[in-house]
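Chemist: My questions will all concern the structure given below.
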Amino acid sequence: MKRTAKSKKLSVHRKAGIFKALGHPTRLQIVEKLADGEQCVCVLLEMFDIDMSTLSRHLSVLKNTSIVSDERRGKNIFYCLKCPCIVNMFECVENALD
């Protein structure tokens, strides 16, 4: 099935959105930490020197671009990578920096 010009354009914009979401150092660190496995938001908050509202905004950006997903368990919210292969891109970037 052929993709239309409109669907290709939407695909390019969605990809650009992912790169934009990853364009902040804190969000990159969050993704790298989630590469080790799911984390409670309370643990993420302890790891980063930011307040809860800032962390929440970063997680919202990552969630809205389908990089992470969340699950509420009681009073806690756990985050995990929705597409763990995204961390392979980091290795590629590191190779480009050598």
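Residues are named by chain letter and number: chains run A, B, ... in the order of the structure tokens, numbers start at 1 in each chain, and ligands are numbered from 1 in the order shown.
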I need the residues in chain A that are helix (DSSP H, G or I) according to DSSP; give them as number ranges by chain.
Modeler: A: 5-21, 25-34, 41-47, 52-64, 86-97
Chemist: Could you list, as JSON, numbers by chain, every residue within 10 Å of Phe90 of chain A, counting only C-alpha atoms and ignoring same-chain residues fewer than 5 positions away?
Modeler: {"A": [28, 32, 85, 95, 96]}
Chemist: Write out the residues from the selection above, keeping all heavy atoms, as a PDB file, in the first residue's frame.
Modeler:
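And here's result-v4.pdb as it stands now:
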```pdb
ATOM      1  N   LEU A  28      16.772  13.467  28.248  1.00  0.00           N
ATOM      2  CA  LEU A  28      17.707  12.410  27.823  1.00  0.00           C
ATOM      3  C   LEU A  28      18.132  11.564  29.020  1.00  0.00           C
ATOM      4  O   LEU A  28      18.187  10.334  28.932  1.00  0.00           O
ATOM      5  CB  LEU A  28      18.946  13.020  27.168  1.00  0.00           C
ATOM      6  CG  LEU A  28      18.806  13.476  25.733  1.00  0.00           C
ATOM      7  CD1 LEU A  28      20.081  14.180  25.273  1.00  0.00           C
ATOM      8  CD2 LEU A  28      18.503  12.303  24.826  1.00  0.00           C
ATOM      9  N   GLU A  32      17.557   7.592  29.572  1.00  0.00           N
ATOM     10  CA  GLU A  32      18.676   6.690  29.876  1.00  0.00           C
ATOM     11  C   GLU A  32      18.421   5.912  31.161  1.00  0.00           C
ATOM     12  O   GLU A  32      18.735   4.727  31.249  1.00  0.00           O
ATOM     13  CB  GLU A  32      19.982   7.481  29.968  1.00  0.00           C
ATOM     14  CG  GLU A  32      20.486   7.938  28.616  1.00  0.00           C
ATOM     15  CD  GLU A  32      21.749   8.779  28.698  1.00  0.00           C
ATOM     16  OE1 GLU A  32      22.019   9.381  29.768  1.00  0.00           O
ATOM     17  OE2 GLU A  32      22.441   8.852  27.681  1.00  0.00           O
ATOM     18  N   CYS A  85      14.070   0.407  22.194  1.00  0.00           N
ATOM     19  CA  CYS A  85      15.118   0.471  21.169  1.00  0.00           C
ATOM     20  C   CYS A  85      15.596   1.903  20.915  1.00  0.00           C
ATOM     21  O   CYS A  85      16.613   2.110  20.267  1.00  0.00           O
ATOM     22  CB  CYS A  85      14.659  -0.182  19.874  1.00  0.00           C
ATOM     23  SG  CYS A  85      13.281   0.657  19.084  1.00  0.00           S
ATOM     24  N   ASN A  95      28.820   7.353  18.917  1.00  0.00           N
ATOM     25  CA  ASN A  95      29.800   6.979  17.891  1.00  0.00           C
ATOM     26  C   ASN A  95      30.093   8.157  16.960  1.00  0.00           C
ATOM     27  O   ASN A  95      31.224   8.344  16.518  1.00  0.00           O
ATOM     28  CB  ASN A  95      29.306   5.781  17.082  1.00  0.00           C
ATOM     29  CG  ASN A  95      29.338   4.504  17.870  1.00  0.00           C
ATOM     30  OD1 ASN A  95      30.079   4.372  18.846  1.00  0.00           O
ATOM     31  ND2 ASN A  95      28.511   3.562  17.489  1.00  0.00           N
ATOM     32  N   ALA A  96      29.084   8.951  16.675  1.00  0.00           N
ATOM     33  CA  ALA A  96      29.266  10.117  15.812  1.00  0.00           C
ATOM     34  C   ALA A  96      30.134  11.162  16.494  1.00  0.00           C
ATOM     35  O   ALA A  96      30.819  11.944  15.822  1.00  0.00           O
ATOM     36  CB  ALA A  96      27.921  10.717  15.424  1.00  0.00           C
TER      37      ALA A  96
END
```
Chemist: Please identify the strand (DSSP E or B) residues within chain A (assignment by DSSP from backbone atoms) and present them as a PyMOL selection string.
Modeler: chain A and resi 39-40+68-73+76-81
